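Input: a single structure, listed below in structure tokens.
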Amino acid sequence: MSGVLKGPVLPRVLVVTLVALVVGGGLLIRFAYQTPSAGTEVTLGEIYQAGDEGRVLWARLLDENAQIVGQSCAAPLAGPRPEVAPSELESADAARAFGALCPGGLLSFRASYPRSDVATQKLIDAVSKEGADVVVDKQLAKAVAKLMLLSVLPLLLLVNLFALIFLSKSGGGDDTLSGVIEFGEMGKRERQKGTDKPVSFADVAGSEDAVIELREVTDYLRDPQRFEAYGAAVPKGVLLFGPPGCGKTLLARATAGDTGVAFFSVAGTEFVEALVGVGAARVRDLFRQVREAAPAIVFIDEIDAVGRRRSGEGSSGGEREQTLNQLLVEMDGFEPTAGIVLMGATNRPDILDPALMRPGRFDRHVTLQPPDVNGRRAILALHAKNKPMAADVDLEQIARRTPGFTGADLANIINEGALLAIREGSGGQIHASHLSEAVQRVLQGPQRRGQLMSAGERKRVAYHEAGHAIVAAALGRNKSVHRISIVARGRALGQTTFSSEEGDRVLLTRSDMEDQVTTAMAGVAAEQLAFGEASTTAEEDIDRATDVALQMVGRYGMSPGIGWRRMLSKAEGFLGGDGPTIEAVSGQTLYEFDQEVRNVIDQGEKKAAQLLGLHRGPLEEMVNRLEAQETLEGPDLAALLSWVSPDISSGTSGGRVAPVGRP
């Protein structure tokens, strides 16, 4: 055959053969499983009755189809049955002869019967009871067709398919067949230096601790002999933890860019397939490429997709577990001197397999958190570089207004500010007003210009937001109240935003958290003071107050009734969840826990109402200004808050309110 079928001729012949086998298989299926459609479909009971009455003239049992076909008379026969050969029962002559014996005419029938020797013999006995001709058709042709469908045809298809695959693998096939064998391969993943925009540590801000940890990796890849001289081994793997948007992928790219080595970037989901063995094959293929390109860095994003904790039942967990096992084997397969470093990123370190995180595999764990105020300022400056910023832009102020923001959020603020400047045609510069609006858009969403409130609703929202500001100022944080607005954004009808004038807080006391609850419940207290009842605007405030109260009582032991006992499970991931989980406790303890949480919230609401009652004048003035201007900030807001005395209520915590950041 090699002398006749050369080059692309043989694969084309195989493709034609494959198509012919598929078409032939379809024809065989139609032939083997096609059932007769002639005659009226009746029940077996009707056939038994006709046999007992002697009205059945003849019947044929189709063995492979498990069906009976035949003819019967509508009325008893008018004479003796004619002698007809079995092969001529369905001929026209037989039909005329039988028709002469049937006063009511002939009836052609068909029915299905159970595949059972007992049922078949019972049916034959019933039909032939009065001498009717009964023929059993074994349907050998259909039996052979089914045998070919179940055994011969699948074997031919597999042989043909594997011939195509191996022919393509050896290079003798057409290009259209080369994709068949690539299903278990990762494809070319190497990103050589200079192929796209380089990223280095100079492009990273707000993550100085992580950069220090990763610089050891770059130093090792540049000069491994220096580490060998000390007998030190660089970490084989570096695992980056943190919430979304904190720069895990950026740090991995910067590590590779700062070193100038080959960089392989894959996603954990690329290894997950329904077919058994494909994920493990892709892991092997990826590390084969990495060894050829060493020194190199391999970055697996969302590694929890492939590195999820295995079950402890001792049985194989399927494709995902095989892929994880292969990854573990590959990590053990390269020496520290091979110049290969594996980096992984995940938002869910709590679900990773312990074998993946042990020393010798992912040796170093780097946790990334949202940056502090200095980090935010540096990130803003990095993204504002080479952008036309106006002289009135104060990045320090924006950094203090955005506690809890990640690097991605801050980059979005600069970009939103640029888009707003283009929309308004501001003369080619980005002004402070654009960035201020960008912060609000990222926090709450764009303005809902179609949301028109009545005068009564505007007044209620004004009281609600003014209540937050007055109480915060009365608690000693008047400088942290940055902006008050009754312009609807997203799901909120109004907003009171705070800035971190004293820097981000990393430690909170019981008084700090009580003041957070009091500030959150101030909107409800203001509405009740002015109108005698609260409204649906209290939803987000109640959510925040309840969350803080739960943490106080359930996690930090800040409750005399419950004491120093943890009631809520500790969350390990960075993606949030469906809320805290209560530990296994008695019903009485659970009741006391619920009462303590309620007491914290009630006390916060009472304290807010007390502070607002003592500052009714500033509250009314702020409401009037809000109704007229809709938004208060800067000197106008500072002047109104200067009327509030932080020391007028005994027991206030004088500056202990943590800045309210993103919910």
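Each chain of the structure tokens is named A, B, ... in the order shown, its residues numbered from 1; ligands are numbered from 1 in display order.
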Considering only C-alpha atoms, give me a table of residues in segment 251-273 of chain A that are at most 6 Å from segment 287-306 of chain A, with the closest atom pair and distance in Å for each, as JSON lines.
```
{"residue": "A:Val261", "atom": "CA", "partner": "A:Ala296", "partner_atom": "CA", "distance": 5.4}
{"residue": "A:Ala262", "atom": "CA", "partner": "A:Ala296", "partner_atom": "CA", "distance": 4.7}
{"residue": "A:Phe263", "atom": "CA", "partner": "A:Ile297", "partner_atom": "CA", "distance": 5.0}
{"residue": "A:Phe264", "atom": "CA", "partner": "A:Val298", "partner_atom": "CA", "distance": 4.7}
{"residue": "A:Ser265", "atom": "CA", "partner": "A:Phe299", "partner_atom": "CA", "distance": 4.8}
{"residue": "A:Val266", "atom": "CA", "partner": "A:Ile300", "partner_atom": "CA", "distance": 5.1}
{"residue": "A:Ala267", "atom": "CA", "partner": "A:Asp301", "partner_atom": "CA", "distance": 4.7}
{"residue": "A:Gly268", "atom": "CA", "partner": "A:Ile303", "partner_atom": "CA", "distance": 4.9}
{"residue": "A:Thr269", "atom": "CA", "partner": "A:Ala305", "partner_atom": "CA", "distance": 5.7}
```
I want to know what sits within 10 Å of Val15 of chain A, based on only C-alpha atoms, with residues of the same chain fewer than 4 positions away left out; could you give that as a CSV table (one decimal) with N, CA and C atoms, in the first residue's frame?
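Output (selection-v2.csv):
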```csv
chain,number,residue,atom,x,y,z
A,9,VAL,N,-2.8,10.9,0.4
A,9,VAL,CA,-3.9,10.0,-0.2
A,9,VAL,C,-4.4,9.0,0.8
A,10,LEU,N,-3.5,8.4,1.6
A,10,LEU,CA,-3.9,7.4,2.6
A,10,LEU,C,-4.9,8.0,3.6
A,11,PRO,N,-4.6,9.2,4.3
A,11,PRO,CA,-5.5,9.7,5.2
A,11,PRO,C,-6.9,10.0,4.6
A,19,VAL,N,-16.3,7.7,6.9
A,19,VAL,CA,-17.6,8.2,6.5
A,19,VAL,C,-18.5,7.1,6.1
A,20,ALA,N,-17.9,6.2,5.3
A,20,ALA,CA,-18.7,5.1,4.8
A,20,ALA,C,-19.2,4.1,5.9
A,21,LEU,N,-18.3,3.9,6.9
A,21,LEU,CA,-18.7,3.1,8.0
A,21,LEU,C,-19.8,3.8,8.8
A,160,ASN,N,-10.1,2.4,12.4
A,160,ASN,CA,-10.0,3.5,11.4
A,160,ASN,C,-9.6,4.8,12.1
A,161,LEU,N,-10.2,5.1,13.3
A,161,LEU,CA,-9.9,6.3,14.0
A,161,LEU,C,-8.5,6.3,14.5
A,164,LEU,N,-6.0,7.0,11.8
A,164,LEU,CA,-5.9,8.5,11.5
A,164,LEU,C,-5.0,9.2,12.5
A,177,LEU,N,-6.0,16.9,10.3
A,177,LEU,CA,-6.0,15.8,11.3
A,177,LEU,C,-5.1,16.0,12.5
```
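Of the residues listed (A:Leu380, A:Val597, A:Ile413, A:Leu61), A:Val597 shows the shortest atom-to-atom separation from Gly557 of chain A; distances use only C-alpha atoms.
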Legend entry - Expected answer as a ChimeraX atom specification: strand (DSSP E or B) residues in segment 255-465 of chain A: /A:262-267,296-301,308,340-346,352,364-367,389,430,447
May I have the residues from that selection written out with C-alpha atoms, as a PDB file, in the first residue's frame?
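Below you can see again-v9.pdb, which holds the result:
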```pdb
ATOM      1  CA  ALA A 262      10.427  32.496  29.887  1.00  0.00           C
ATOM      2  CA  PHE A 263       6.956  32.859  31.364  1.00  0.00           C
ATOM      3  CA  PHE A 264       4.220  30.218  31.102  1.00  0.00           C
ATOM      4  CA  SER A 265       0.750  31.379  32.107  1.00  0.00           C
ATOM      5  CA  VAL A 266      -2.154  28.923  32.317  1.00  0.00           C
ATOM      6  CA  ALA A 267      -5.487  28.778  34.102  1.00  0.00           C
ATOM      7  CA  ALA A 296      11.336  29.660  33.481  1.00  0.00           C
ATOM      8  CA  ILE A 297       8.388  30.654  35.639  1.00  0.00           C
ATOM      9  CA  VAL A 298       5.082  28.768  35.469  1.00  0.00           C
ATOM     10  CA  PHE A 299       2.041  30.689  36.655  1.00  0.00           C
ATOM     11  CA  ILE A 300      -1.216  28.780  37.315  1.00  0.00           C
ATOM     12  CA  ASP A 301      -4.077  31.182  37.904  1.00  0.00           C
ATOM     13  CA  ARG A 308      -9.042  21.251  45.374  1.00  0.00           C
ATOM     14  CA  ILE A 340      12.003  26.333  37.359  1.00  0.00           C
ATOM     15  CA  VAL A 341       9.691  28.183  39.748  1.00  0.00           C
ATOM     16  CA  LEU A 342       5.976  27.459  39.969  1.00  0.00           C
ATOM     17  CA  MET A 343       3.646  30.257  41.020  1.00  0.00           C
ATOM     18  CA  GLY A 344      -0.030  29.802  41.827  1.00  0.00           C
ATOM     19  CA  ALA A 345      -2.813  32.233  42.638  1.00  0.00           C
ATOM     20  CA  THR A 346      -6.114  31.604  44.367  1.00  0.00           C
ATOM     21  CA  LEU A 352      -6.542  23.603  48.579  1.00  0.00           C
ATOM     22  CA  ARG A 364       6.247  30.076  50.273  1.00  0.00           C
ATOM     23  CA  HIS A 365       2.810  31.518  50.911  1.00  0.00           C
ATOM     24  CA  VAL A 366       2.330  35.216  50.167  1.00  0.00           C
ATOM     25  CA  THR A 367      -0.896  36.842  51.355  1.00  0.00           C
ATOM     26  CA  MET A 389      -4.113  65.515  35.550  1.00  0.00           C
ATOM     27  CA  ILE A 430      -8.822  65.263  34.304  1.00  0.00           C
ATOM     28  CA  GLN A 447     -26.388  58.302  39.136  1.00  0.00           C
TER      29      GLN A 447
END
```
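What separates atom CA of Arg625 of chain A from atom CA of Trp643 of chain A is a distance of 14.3 Å.
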Inset, instruction - Could you check which of A:Arg616, A:Lys385, A:Arg284, A:Arg348 is closest to Gly307 of chain A, using only C-alpha atoms? - result: A:Arg348
Inset, instruction - Could you tell me how far atom CA of Leu475 of chain A lies from atom CA of Thr509 of chain A, in Å and to one decimal? - result: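 So the two atoms, atom CA of Leu475 of chain A and atom CA of Thr509 of chain A, lie 14.6 Å apart.
Note that the spacing between atom CA of Ala229 of chain A and atom CA of Val217 of chain A amounts to 16.1 Å.
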Applying 9 Å and only C-alpha atoms, which residues near Leu106 of chain A remain after dropping the ones on its own chain fewer than 5 positions away? List them as a short mmCIF file (atom, residue, chain, number, x, y, z; two decimals) with C-alpha atoms, in the first residue's frame.
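Output file part.cif follows:
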```cif
data_model
loop_
_atom_site.label_atom_id
_atom_site.label_comp_id
_atom_site.auth_asym_id
_atom_site.auth_seq_id
_atom_site.Cartn_x
_atom_site.Cartn_y
_atom_site.Cartn_z
CA GLN A 71 -55.08 -11.62 9.42
CA SER A 72 -58.38 -12.40 11.09
CA CYS A 73 -62.08 -12.24 10.29
CA ALA A 74 -64.40 -9.67 11.76
CA ALA A 95 -56.20 -12.98 0.46
CA PHE A 98 -59.56 -16.01 2.93
CA GLY A 99 -61.83 -13.11 2.00
#
```
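Among A:Val199, A:Val585, A:Ala438, A:Ala399, the residue with the shortest atom-to-atom distance to Thr249 of chain A, counting only C-alpha atoms, is A:Val199.
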Identify, on the basis of only C-alpha atoms, every residue whose closest approach to segment 29-44 of chain A does not exceed 9 Å; exclude the query and any residue fewer than 5 positions from it along the same chain; express the result as a PDB file with N, CA and C atoms, in the first residue's frame.
```pdb
ATOM      1  N   GLY A  24     -22.945   3.398   6.640  1.00  0.00           N
ATOM      2  CA  GLY A  24     -23.370   2.000   6.678  1.00  0.00           C
ATOM      3  C   GLY A  24     -23.965   1.625   8.021  1.00  0.00           C
ATOM      4  N   GLN A  49     -58.619 -13.412  22.138  1.00  0.00           N
ATOM      5  CA  GLN A  49     -60.069 -13.576  21.964  1.00  0.00           C
ATOM      6  C   GLN A  49     -60.392 -14.071  20.561  1.00  0.00           C
ATOM      7  N   GLU A  64     -37.025 -11.331  16.026  1.00  0.00           N
ATOM      8  CA  GLU A  64     -36.131 -10.240  16.404  1.00  0.00           C
ATOM      9  C   GLU A  64     -36.895  -8.988  16.797  1.00  0.00           C
ATOM     10  N   ASN A  65     -38.025  -8.743  16.125  1.00  0.00           N
ATOM     11  CA  ASN A  65     -38.829  -7.564  16.442  1.00  0.00           C
ATOM     12  C   ASN A  65     -39.775  -7.797  17.615  1.00  0.00           C
ATOM     13  N   GLN A  67     -42.729  -9.126  17.479  1.00  0.00           N
ATOM     14  CA  GLN A  67     -44.052  -8.688  17.042  1.00  0.00           C
ATOM     15  C   GLN A  67     -44.762  -9.839  16.340  1.00  0.00           C
ATOM     16  N   VAL A  69     -47.802 -10.522  13.426  1.00  0.00           N
ATOM     17  CA  VAL A  69     -48.623  -9.937  12.364  1.00  0.00           C
ATOM     18  C   VAL A  69     -49.483 -11.060  11.777  1.00  0.00           C
ATOM     19  N   GLY A  70     -50.594 -10.681  11.206  1.00  0.00           N
ATOM     20  CA  GLY A  70     -51.478 -11.699  10.623  1.00  0.00           C
ATOM     21  C   GLY A  70     -52.788 -11.115  10.169  1.00  0.00           C
ATOM     22  N   GLN A  71     -53.754 -12.032   9.869  1.00  0.00           N
ATOM     23  CA  GLN A  71     -55.078 -11.619   9.422  1.00  0.00           C
ATOM     24  C   GLN A  71     -56.127 -12.412  10.206  1.00  0.00           C
ATOM     25  N   LEU A 107     -59.285  -8.486   8.433  1.00  0.00           N
ATOM     26  CA  LEU A 107     -58.635  -7.492   9.292  1.00  0.00           C
ATOM     27  C   LEU A 107     -57.173  -7.867   9.448  1.00  0.00           C
ATOM     28  N   SER A 108     -56.280  -6.995   8.949  1.00  0.00           N
ATOM     29  CA  SER A 108     -54.834  -7.196   9.147  1.00  0.00           C
ATOM     30  C   SER A 108     -54.450  -6.582  10.490  1.00  0.00           C
ATOM     31  N   PHE A 109     -53.729  -7.332  11.301  1.00  0.00           N
ATOM     32  CA  PHE A 109     -53.387  -6.854  12.644  1.00  0.00           C
ATOM     33  C   PHE A 109     -51.893  -7.016  12.895  1.00  0.00           C
ATOM     34  N   ARG A 110     -51.424  -6.271  13.922  1.00  0.00           N
ATOM     35  CA  ARG A 110     -50.047  -6.383  14.422  1.00  0.00           C
ATOM     36  C   ARG A 110     -50.051  -6.035  15.907  1.00  0.00           C
ATOM     37  N   ALA A 111     -49.149  -6.660  16.643  1.00  0.00           N
ATOM     38  CA  ALA A 111     -49.047  -6.411  18.088  1.00  0.00           C
ATOM     39  C   ALA A 111     -47.680  -6.857  18.574  1.00  0.00           C
ATOM     40  N   SER A 112     -47.212  -6.233  19.658  1.00  0.00           N
ATOM     41  CA  SER A 112     -45.935  -6.607  20.279  1.00  0.00           C
ATOM     42  C   SER A 112     -46.206  -7.607  21.396  1.00  0.00           C
ATOM     43  N   TYR A 113     -45.253  -8.520  21.612  1.00  0.00           N
ATOM     44  CA  TYR A 113     -45.411  -9.497  22.687  1.00  0.00           C
ATOM     45  C   TYR A 113     -44.110  -9.561  23.489  1.00  0.00           C
ATOM     46  N   LEU A 123     -48.796 -17.638  23.246  1.00  0.00           N
ATOM     47  CA  LEU A 123     -49.408 -16.922  22.133  1.00  0.00           C
ATOM     48  C   LEU A 123     -49.621 -17.852  20.942  1.00  0.00           C
ATOM     49  N   ALA A 141     -31.467 -12.326   9.047  1.00  0.00           N
ATOM     50  CA  ALA A 141     -30.759 -11.164   8.487  1.00  0.00           C
ATOM     51  C   ALA A 141     -30.663 -10.035   9.511  1.00  0.00           C
ATOM     52  N   LYS A 142     -31.752  -9.806  10.236  1.00  0.00           N
ATOM     53  CA  LYS A 142     -31.716  -8.758  11.262  1.00  0.00           C
ATOM     54  C   LYS A 142     -30.822  -9.161  12.426  1.00  0.00           C
ATOM     55  N   ALA A 143     -30.790 -10.425  12.740  1.00  0.00           N
ATOM     56  CA  ALA A 143     -29.904 -10.889  13.809  1.00  0.00           C
ATOM     57  C   ALA A 143     -28.441 -10.643  13.445  1.00  0.00           C
ATOM     58  N   VAL A 144     -28.106 -10.926  12.178  1.00  0.00           N
ATOM     59  CA  VAL A 144     -26.732 -10.674  11.722  1.00  0.00           C
ATOM     60  C   VAL A 144     -26.428  -9.180  11.735  1.00  0.00           C
ATOM     61  N   ALA A 145     -27.412  -8.346  11.316  1.00  0.00           N
ATOM     62  CA  ALA A 145     -27.204  -6.890  11.302  1.00  0.00           C
ATOM     63  C   ALA A 145     -26.948  -6.359  12.711  1.00  0.00           C
ATOM     64  N   LYS A 146     -27.694  -6.854  13.700  1.00  0.00           N
ATOM     65  CA  LYS A 146     -27.473  -6.411  15.075  1.00  0.00           C
ATOM     66  C   LYS A 146     -26.110  -6.860  15.587  1.00  0.00           C
ATOM     67  N   LEU A 149     -23.618  -4.472  14.232  1.00  0.00           N
ATOM     68  CA  LEU A 149     -23.704  -3.168  14.891  1.00  0.00           C
ATOM     69  C   LEU A 149     -23.052  -3.185  16.264  1.00  0.00           C
TER      70      LEU A 149
END
```
Inset, instruction - Considering only C-alpha atoms, return as a PyMOL selection string whatever protein or nucleic-acid residues lie within 7 Å of segment 458-467 of chain A, sequence-local ones (same chain, fewer than 2 positions apart) excluded. - result: chain A and resi 453-456+469-471+484+486+493-496+522-524+526-527+619+622-623+626-627
Write a file of the selected residues as a short mmCIF file (atom, residue, chain, number, x, y, z; two decimals), in the first residue's frame, keeping N, CA and C atoms.
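Listing of part.cif after writing:
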```cif
data_model
loop_
_atom_site.label_atom_id
_atom_site.label_comp_id
_atom_site.auth_asym_id
_atom_site.auth_seq_id
_atom_site.Cartn_x
_atom_site.Cartn_y
_atom_site.Cartn_z
N MET A 453 -37.61 61.37 42.98
CA MET A 453 -38.26 61.22 44.27
C MET A 453 -39.18 62.40 44.53
N SER A 454 -40.24 62.13 45.25
CA SER A 454 -41.14 63.20 45.64
C SER A 454 -40.47 64.07 46.70
N ALA A 455 -41.09 65.21 47.01
CA ALA A 455 -40.52 66.12 48.02
C ALA A 455 -40.44 65.44 49.38
N GLY A 456 -41.47 64.66 49.72
CA GLY A 456 -41.45 63.96 51.00
C GLY A 456 -40.36 62.92 51.07
N ALA A 469 -24.12 61.55 59.38
CA ALA A 469 -23.04 62.53 59.50
C ALA A 469 -23.01 63.17 60.88
N ILE A 470 -24.18 63.54 61.42
CA ILE A 470 -24.22 64.20 62.73
C ILE A 470 -23.72 63.27 63.82
N VAL A 471 -24.15 62.01 63.81
CA VAL A 471 -23.74 61.07 64.84
C VAL A 471 -22.24 60.78 64.73
N ILE A 484 -21.83 64.03 51.69
CA ILE A 484 -23.21 63.61 51.91
C ILE A 484 -24.00 63.96 50.65
N ILE A 486 -27.92 63.16 48.46
CA ILE A 486 -29.24 62.52 48.34
C ILE A 486 -29.55 62.24 46.87
N LEU A 493 -30.56 55.35 47.71
CA LEU A 493 -31.20 56.65 47.43
C LEU A 493 -30.35 57.81 47.92
N GLY A 494 -29.36 57.53 48.76
CA GLY A 494 -28.46 58.56 49.26
C GLY A 494 -27.20 57.92 49.77
N GLN A 495 -26.15 58.72 50.00
CA GLN A 495 -24.87 58.18 50.45
C GLN A 495 -24.22 59.14 51.43
N THR A 496 -23.58 58.58 52.42
CA THR A 496 -22.69 59.32 53.31
C THR A 496 -21.35 58.59 53.28
N ALA A 522 -27.75 55.38 62.89
CA ALA A 522 -28.11 56.80 63.00
C ALA A 522 -29.15 57.21 61.97
N GLY A 523 -29.13 56.62 60.79
CA GLY A 523 -30.13 56.96 59.79
C GLY A 523 -31.52 56.57 60.24
N VAL A 524 -31.65 55.38 60.81
CA VAL A 524 -32.95 54.93 61.33
C VAL A 524 -33.41 55.85 62.45
N ALA A 526 -32.63 58.98 62.98
CA ALA A 526 -33.02 60.29 62.46
C ALA A 526 -34.42 60.26 61.85
N GLU A 527 -34.74 59.21 61.12
CA GLU A 527 -36.08 59.10 60.54
C GLU A 527 -37.14 58.99 61.63
N LEU A 619 -28.92 69.22 62.83
CA LEU A 619 -29.58 68.24 61.97
C LEU A 619 -30.55 68.92 61.02
N MET A 622 -28.68 70.94 58.33
CA MET A 622 -28.07 70.08 57.31
C MET A 622 -29.12 69.52 56.36
N VAL A 623 -30.30 69.17 56.88
CA VAL A 623 -31.37 68.67 56.02
C VAL A 623 -31.80 69.74 55.04
N LEU A 626 -29.21 70.09 52.35
CA LEU A 626 -29.22 68.95 51.44
C LEU A 626 -30.37 69.04 50.45
N GLU A 627 -31.55 69.45 50.91
CA GLU A 627 -32.68 69.58 50.00
C GLU A 627 -32.42 70.64 48.93
#
```
Legend entry - Shell around Gly490 of chain A at 10 Å using only C-alpha atoms, local window under 5 positions removed, as number ranges by chain: A: 441, 443-448
Legend entry - Among the residues A:Ala94, A:Ala530, A:Leu324, A:Leu410, the one that comes closest to Val278 of chain A [using only C-alpha atoms]: A:Leu324
Inset, instruction - Have a look at A:Val487, A:Ile422, A:Leu611, A:Met567 and name the one nearest to Thr581 of chain A; count only C-alpha atoms. - result: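 Nearest candidate to Thr581 of chain A out of A:Val487, A:Ile422, A:Leu611, A:Met567: A:Met567.
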